[in-house]
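The file upload36.pdb contains PDB, C-alpha atoms:
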```pdb
MODEL        1
ATOM      1  CA  ILE A  28      -1.154   9.621 -28.555
ATOM      2  CA  GLN A  29      -1.264   6.276 -26.793
ATOM      3  CA  SER A  30      -4.944   5.285 -26.707
ATOM      4  CA  SER A  31      -4.828   1.691 -25.483
ATOM      5  CA  PHE A  32      -3.164  -0.002 -22.540
ATOM      6  CA  ASP A  33      -2.893  -3.414 -20.923
ATOM      7  CA  TYR A  34      -3.647  -2.267 -17.372
ATOM      8  CA  PHE A  35      -5.199   0.728 -15.695
ATOM      9  CA  LEU A  36      -3.761   1.142 -12.188
ATOM     10  CA  LYS A  37      -4.835   3.539  -9.471
ATOM     11  CA  ILE A  38      -2.005   4.365  -7.055
ATOM     12  CA  ILE A  39      -2.226   6.609  -4.003
ATOM     13  CA  ILE A  40       0.792   8.319  -2.449
ATOM     14  CA  ILE A  41       0.683   9.081   1.268
ATOM     15  CA  GLY A  42       2.992  10.303   4.015
ATOM     16  CA  ASP A  43       3.586  13.309   6.244
ATOM     17  CA  THR A  44       3.615  16.805   4.809
ATOM     18  CA  GLY A  45       6.953  18.010   3.464
ATOM     19  CA  VAL A  46       8.408  14.586   2.623
ATOM     20  CA  GLY A  47       8.349  15.358  -1.106
ATOM     21  CA  LYS A  48       5.365  13.415  -2.417
ATOM     22  CA  SER A  49       4.335  15.960  -5.056
ATOM     23  CA  ASN A  50       7.892  16.528  -6.259
ATOM     24  CA  PHE A  51       8.429  12.763  -6.445
ATOM     25  CA  LEU A  52       5.432  12.398  -8.763
ATOM     26  CA  TYR A  53       6.417  15.493 -10.749
ATOM     27  CA  ARG A  54       9.865  13.986 -11.329
ATOM     28  CA  PHE A  55       8.310  10.716 -12.516
ATOM     29  CA  ILE A  56       5.743  12.329 -14.806
ATOM     30  CA  HIS A  57       7.802  15.190 -16.239
ATOM     31  CA  GLY A  58      11.367  13.942 -15.755
ATOM     32  CA  LYS A  59      12.504  17.041 -13.904
ATOM     33  CA  PHE A  60      12.387  18.711 -10.499
ATOM     34  CA  ASN A  61      10.075  21.638  -9.828
ATOM     35  CA  ARG A  62      11.530  23.895  -7.138
ATOM     36  CA  LEU A  63       8.406  26.058  -7.134
ATOM     37  CA  TYR A  64       6.009  23.231  -6.294
ATOM     38  CA  GLN A  65       3.440  24.200  -3.642
ATOM     39  CA  PRO A  66       2.169  21.881  -0.876
ATOM     40  CA  THR A  67      -0.849  19.801  -1.850
ATOM     41  CA  ILE A  68      -4.191  20.985  -0.484
ATOM     42  CA  GLY A  69      -6.561  18.077   0.042
ATOM     43  CA  ILE A  70      -5.771  15.872  -2.940
ATOM     44  CA  ASP A  71      -4.304  16.215  -6.428
ATOM     45  CA  TYR A  72      -4.687  13.951  -9.436
ATOM     46  CA  LYS A  73      -2.056  13.028 -12.026
ATOM     47  CA  SER A  74      -1.810  10.394 -14.752
ATOM     48  CA  LYS A  75       0.748   8.931 -17.117
ATOM     49  CA  ILE A  76       0.959   6.067 -19.598
ATOM     50  CA  ILE A  77       4.168   4.049 -19.373
ATOM     51  CA  VAL A  78       5.725   0.950 -20.891
ATOM     52  CA  LEU A  79       7.167  -1.384 -18.276
ATOM     53  CA  PRO A  80      10.826  -2.040 -19.171
ATOM     54  CA  LYS A  81      10.744  -5.762 -18.400
ATOM     55  CA  THR A  82       7.383  -6.878 -19.828
ATOM     56  CA  LYS A  83       6.805  -4.088 -22.391
ATOM     57  CA  GLN A  84       3.213  -3.816 -21.172
ATOM     58  CA  ASN A  85       1.404  -0.508 -21.659
ATOM     59  CA  ILE A  86       0.180   0.741 -18.304
ATOM     60  CA  LYS A  87      -2.013   3.753 -17.607
ATOM     61  CA  LEU A  88      -1.235   5.047 -14.126
ATOM     62  CA  GLN A  89      -3.604   7.228 -12.174
ATOM     63  CA  PHE A  90      -1.922   8.841  -9.167
ATOM     64  CA  TRP A  91      -3.757  10.385  -6.224
ATOM     65  CA  ASP A  92      -1.434  12.751  -4.373
ATOM     66  CA  THR A  93      -2.647  13.397  -0.820
ATOM     67  CA  ALA A  94      -1.890  16.179   1.625
ATOM     68  CA  GLY A  95       0.014  15.060   4.704
ATOM     69  CA  GLU A  96      -1.378  17.483   7.269
ATOM     70  CA  GLU A  97      -3.295  15.929  10.143
ATOM     71  CA  ARG A  98      -6.506  17.759   9.237
ATOM     72  CA  TYR A  99      -6.551  16.127   5.824
ATOM     73  CA  ARG A 100      -5.910  12.550   6.873
ATOM     74  CA  SER A 101      -9.618  11.763   7.160
ATOM     75  CA  LEU A 102      -9.911  12.638   3.463
ATOM     76  CA  ASN A 103      -7.479   9.884   2.523
ATOM     77  CA  LYS A 104      -9.975   7.202   3.509
ATOM     78  CA  LEU A 105     -12.300   8.314   0.710
ATOM     79  CA  TYR A 106      -9.611   7.792  -1.917
ATOM     80  CA  PHE A 107      -8.663   4.226  -1.007
ATOM     81  CA  GLN A 108     -11.553   2.932  -3.117
ATOM     82  CA  ARG A 109     -10.365   0.804  -6.046
ATOM     83  CA  VAL A 110      -6.702   1.479  -5.218
ATOM     84  CA  GLN A 111      -4.327  -1.207  -6.529
ATOM     85  CA  GLY A 112      -1.075   0.079  -5.029
ATOM     86  CA  ILE A 113       0.341   2.551  -2.534
ATOM     87  CA  ILE A 114       3.477   4.677  -2.306
ATOM     88  CA  LEU A 115       4.196   5.318   1.374
ATOM     89  CA  MET A 116       6.825   8.035   1.791
ATOM     90  CA  TYR A 117       9.025   9.495   4.516
ATOM     91  CA  ASP A 118      11.964  11.888   4.525
ATOM     92  CA  ILE A 119      15.324  10.337   5.465
ATOM     93  CA  THR A 120      16.372  13.698   6.946
ATOM     94  CA  ASN A 121      13.279  13.935   9.164
ATOM     95  CA  ARG A 122      12.905  11.486  12.058
ATOM     96  CA  GLU A 123       9.331  12.559  12.772
ATOM     97  CA  SER A 124       8.190  11.617   9.269
ATOM     98  CA  PHE A 125       9.662   8.130   9.769
ATOM     99  CA  GLU A 126       8.072   7.704  13.176
ATOM    100  CA  GLY A 127       4.709   8.615  11.657
ATOM    101  CA  LEU A 128       4.784   5.588   9.341
ATOM    102  CA  GLY A 129       3.027   3.444  11.933
ATOM    103  CA  GLU A 130      -0.018   5.701  11.817
ATOM    104  CA  TRP A 131      -0.047   5.660   8.048
ATOM    105  CA  THR A 132       0.187   1.857   7.848
ATOM    106  CA  LYS A 133      -2.686   1.601  10.349
ATOM    107  CA  LEU A 134      -4.751   3.847   8.092
ATOM    108  CA  ILE A 135      -3.944   1.570   5.166
ATOM    109  CA  TYR A 136      -4.765  -1.662   6.963
ATOM    110  CA  ASP A 137      -7.989  -0.206   8.375
ATOM    111  CA  ASN A 138      -9.219   0.517   4.852
ATOM    112  CA  LEU A 139      -7.683  -2.103   2.590
ATOM    113  CA  ASP A 140      -6.953  -5.794   2.407
ATOM    114  CA  SER A 141      -3.591  -7.102   1.208
ATOM    115  CA  ILE A 142      -2.194  -4.706  -1.383
ATOM    116  CA  PRO A 143       1.279  -4.006  -2.822
ATOM    117  CA  ILE A 144       2.978  -1.085  -1.080
ATOM    118  CA  VAL A 145       6.333   0.528  -1.785
ATOM    119  CA  LEU A 146       8.020   2.352   1.085
ATOM    120  CA  VAL A 147      10.130   5.238  -0.228
ATOM    121  CA  GLY A 148      12.693   7.095   1.858
ATOM    122  CA  ASN A 149      12.915  10.348  -0.080
ATOM    123  CA  LYS A 150      15.648  13.047  -0.240
ATOM    124  CA  LEU A 151      18.506  10.611  -0.779
ATOM    125  CA  ASP A 152      20.422  13.459  -2.415
ATOM    126  CA  ASP A 153      20.764  15.023   1.050
ATOM    127  CA  ALA A 154      21.918  11.822   2.759
ATOM    128  CA  ASP A 155      25.617  12.647   3.125
ATOM    129  CA  GLU A 156      25.060  15.825   5.120
ATOM    130  CA  ASN A 157      21.653  15.507   6.760
ATOM    131  CA  ARG A 158      20.624  11.846   6.949
ATOM    132  CA  ILE A 159      18.849  11.002  10.212
ATOM    133  CA  VAL A 160      16.996   7.788   9.343
ATOM    134  CA  THR A 161      19.416   5.015   8.375
ATOM    135  CA  ILE A 162      18.842   2.686   5.442
ATOM    136  CA  GLU A 163      18.816  -0.195   7.936
ATOM    137  CA  GLU A 164      15.912   1.406   9.813
ATOM    138  CA  GLY A 165      13.958   1.852   6.610
ATOM    139  CA  GLN A 166      14.613  -1.719   5.517
ATOM    140  CA  SER A 167      13.661  -3.053   8.949
ATOM    141  CA  PHE A 168      10.323  -1.237   8.889
ATOM    142  CA  ALA A 169       9.693  -2.527   5.367
ATOM    143  CA  ASP A 170      10.520  -6.099   6.377
ATOM    144  CA  GLU A 171       8.262  -5.939   9.438
ATOM    145  CA  ASN A 172       5.339  -4.704   7.348
ATOM    146  CA  ASN A 173       6.004  -6.726   4.190
ATOM    147  CA  LEU A 174       6.702  -3.684   2.016
ATOM    148  CA  ILE A 175       8.905  -3.088  -1.019
ATOM    149  CA  PHE A 176      11.665  -0.633  -0.018
ATOM    150  CA  PHE A 177      13.624   2.034  -1.868
ATOM    151  CA  GLU A 178      15.504   5.147  -0.967
ATOM    152  CA  ALA A 179      15.071   7.769  -3.670
ATOM    153  CA  SER A 180      15.596  11.397  -4.622
ATOM    154  CA  ALA A 181      12.967  13.525  -6.307
ATOM    155  CA  LEU A 182      15.704  16.136  -6.788
ATOM    156  CA  ASN A 183      18.079  14.069  -8.929
ATOM    157  CA  GLY A 184      15.683  11.275  -9.927
ATOM    158  CA  LYS A 185      17.553   8.368  -8.343
ATOM    159  CA  ASN A 186      15.258   5.347  -7.914
ATOM    160  CA  VAL A 187      12.091   7.337  -8.704
ATOM    161  CA  ASN A 188      11.286   5.352 -11.849
ATOM    162  CA  ASN A 189      12.661   2.126 -10.397
ATOM    163  CA  SER A 190      10.404   2.261  -7.344
ATOM    164  CA  ILE A 191       7.255   2.917  -9.385
ATOM    165  CA  TYR A 192       8.101   0.311 -12.042
ATOM    166  CA  CYS A 193       8.702  -2.242  -9.307
ATOM    167  CA  LEU A 194       5.399  -1.369  -7.630
ATOM    168  CA  CYS A 195       3.576  -1.759 -10.960
ATOM    169  CA  GLU A 196       5.117  -5.198 -11.515
ATOM    170  CA  LYS A 197       4.036  -6.287  -8.030
ATOM    171  CA  ILE A 198       0.518  -4.959  -8.580
ATOM    172  CA  ILE A 199       0.162  -6.843 -11.861
ATOM    173  CA  SER A 200       1.492 -10.018 -10.263
ATOM    174  CA  HIS A 201      -0.933  -9.501  -7.380
ATOM    175  CA  LEU A 202      -3.889  -8.947  -9.726
ATOM    176  CA  ASN A 203      -3.077 -12.062 -11.739
ATOM    177  CA  LYS A 204      -2.833 -14.416  -8.771
ATOM    178  CA  PRO A 205      -5.645 -16.978  -8.605
ATOM    179  CA  LEU A 206      -8.092 -16.458  -5.769
ATOM    180  CA  SER A 207      -7.708 -18.800  -2.810
ATOM    181  CA  PHE A 208      -8.917 -19.027   0.766
ATOM    182  CA  ASN A 209      -6.907 -18.770   3.980
ATOM    183  CA  VAL A 210      -3.688 -17.918   2.181
ATOM    184  CA  ASN A 211      -1.484 -15.010   3.209
ATOM    185  CA  VAL A 212      -0.348 -13.128   0.129
ATOM    186  CA  SER A 213       3.250 -11.947   0.224
ATOM    187  CA  LEU A 214       3.844  -8.560  -1.341
ATOM    188  CA  ILE A 215       7.574  -8.946  -1.874
ATOM    189  CA  SER A 216       9.917 -11.754  -2.809
ATOM    190  CA  ASN A 217      13.679 -11.752  -2.853
ATOM    191  CA  ASP A 218      14.050  -7.959  -2.933
ATOM    192  CA  ILE A 219      17.749  -7.234  -2.448
ATOM    193  CA  ILE A 220      19.428  -4.123  -1.093
ATOM    194  CA  ASP A 221      23.118  -3.413  -1.259
ATOM    195  CA  ASN A 222      23.446  -1.078   1.732
ATOM    196  CA  LYS A 223      26.937   0.055   0.874
ATOM    197  CA  LYS A 224      26.191   1.039  -2.716
ATOM    198  CA  ASN A 225      22.518   1.797  -2.083
ATOM    199  CA  LYS A 226      21.476  -0.218  -5.140
ATOM    200  CA  LYS A 227      17.967  -1.590  -5.405
ATOM    201  CA  PHE A 228      16.934  -4.645  -7.301
ATOM    202  CA  CYS A 229      13.332  -5.604  -7.837
ATOM    203  CA  CYS A 230      11.180  -8.435  -9.048
TER     204      CYS A 230
ENDMDL
END
```
I need this file expressed as structure tokens, please.
Amino acid sequence: IQSSFDYFLKIIIIGDTGVGKSNFLYRFIHGKFNRLYQPTIGIDYKSKIIVLPKTKQNIKLQFWDTAGEERYRSLNKLYFQRVQGIILMYDITNRESFEGLGEWTKLIYDNLDSIPIVLVGNKLDDADENRIVTIEEGQSFADENNLIFFEASALNGKNVNNSIYCLCEKIISHLNKPLSFNVNVSLISNDIIDNKKNKKFCC
């Protein structure tokens, strides 16, 4: 059993109910899709130790999986303490979940200073038949809010690991930056998206 690690990172995942947050984390932690997964009530906790592919650093990740229902959103504020990164998720087949991102980013900015955030458009596996939110719309929102952007699928695993590895690399870079005054910290740099092939490159 891995007993030591280079970093301990607390990451919270937020977004409207039904966008696939719990299944996304289940795919990352267990490497498979759980069709019987029930909606999160309040908050759920998960953890995993990983080795970052690029740096070979051992990272212990602590995930806080939040419920997306309106009545639970006040709970999210309590779990922003000591958070180093955020996964903000919407469903590319659900316009309402995309339009709700503004409220979620406001919640983030009301509770946290500059922090690495990855925006994930989930359910990419259903894009051919039921896509409603275009990749250009997702990228535009990410650019406007200085977010890392991926489209992913909890069902088939596409970009699940990539998005979390990229977020971890940004968090570590963010943590290791020297403190300075009156400097705006950029969360992303030279992230590239090939819209036609839907490839993501990070860091």
Would you translate the PyMOL selection byres ((chain A and resi 114-128) around 9) into the concrete set of residues it matches in this file, as JSON, numbers by chain?
-> {"A": [38, 39, 40, 41, 42, 43, 44, 45, 46, 47, 48, 112, 113, 129, 130, 131, 132, 133, 143, 144, 145, 146, 147, 148, 149, 150, 151, 153, 154, 157, 158, 159, 160, 161, 162, 165, 168, 178, 190, 191, 194]}
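Evaluating the PyMOL selection byres ((chain A and resi 80-85) around 12) against the shown model yields Gln29, Ser30, Ser31, Phe32, Asp33, Tyr34, Phe35, Leu36, Lys75, Ile76, Ile77, Val78, Leu79, Ile86, Lys87, Leu88, Asn188, Asn189, Ile191, Tyr192, Cys193, Cys195, Glu196, Ile199, Ser200, Cys229 and Cys230 of chain A.
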Selection file, C-alpha atoms, as a short mmCIF file (atom, residue, chain, number, x, y, z; two decimals), in the coordinates of the input:
```
data_model
loop_
_atom_site.label_atom_id
_atom_site.label_comp_id
_atom_site.auth_asym_id
_atom_site.auth_seq_id
_atom_site.Cartn_x
_atom_site.Cartn_y
_atom_site.Cartn_z
CA GLN A 29 -1.26 6.28 -26.79
CA SER A 30 -4.94 5.28 -26.71
CA SER A 31 -4.83 1.69 -25.48
CA PHE A 32 -3.16 0.00 -22.54
CA ASP A 33 -2.89 -3.41 -20.92
CA TYR A 34 -3.65 -2.27 -17.37
CA PHE A 35 -5.20 0.73 -15.70
CA LEU A 36 -3.76 1.14 -12.19
CA LYS A 75 0.75 8.93 -17.12
CA ILE A 76 0.96 6.07 -19.60
CA ILE A 77 4.17 4.05 -19.37
CA VAL A 78 5.72 0.95 -20.89
CA LEU A 79 7.17 -1.38 -18.28
CA ILE A 86 0.18 0.74 -18.30
CA LYS A 87 -2.01 3.75 -17.61
CA LEU A 88 -1.24 5.05 -14.13
CA ASN A 188 11.29 5.35 -11.85
CA ASN A 189 12.66 2.13 -10.40
CA ILE A 191 7.26 2.92 -9.38
CA TYR A 192 8.10 0.31 -12.04
CA CYS A 193 8.70 -2.24 -9.31
CA CYS A 195 3.58 -1.76 -10.96
CA GLU A 196 5.12 -5.20 -11.52
CA ILE A 199 0.16 -6.84 -11.86
CA SER A 200 1.49 -10.02 -10.26
CA CYS A 229 13.33 -5.60 -7.84
CA CYS A 230 11.18 -8.44 -9.05
#
```
Interatomic distance (Å, one decimal) between atom CA of A:Ile142 and atom CA of A:Trp91 = 15.9 Å
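Among the candidate residues A:Leu105, A:Asp152, A:Ile56, A:Lys197, the one lying nearest to A:Asn183 is A:Asp152, with distances computed using all atoms listed in the file.
The two atoms in question, atom CA of A:Ile175 and atom CA of A:Phe107, are spaced 19.0 Å apart.
Between atom CA of A:Asn138 and atom CA of A:Gln108 the separation is 8.6 Å.
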Taking all atoms listed in the file into account, which of A:Asn172, A:Glu163, A:Lys204, A:Lys37 comes nearest A:Tyr136?
-> A:Asn172
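The shortest atom-to-atom distance to A:Gly184, with only C-alpha atoms taken into account, belongs to A:Tyr53 out of A:Tyr106, A:Phe90, A:Tyr72, A:Tyr53.
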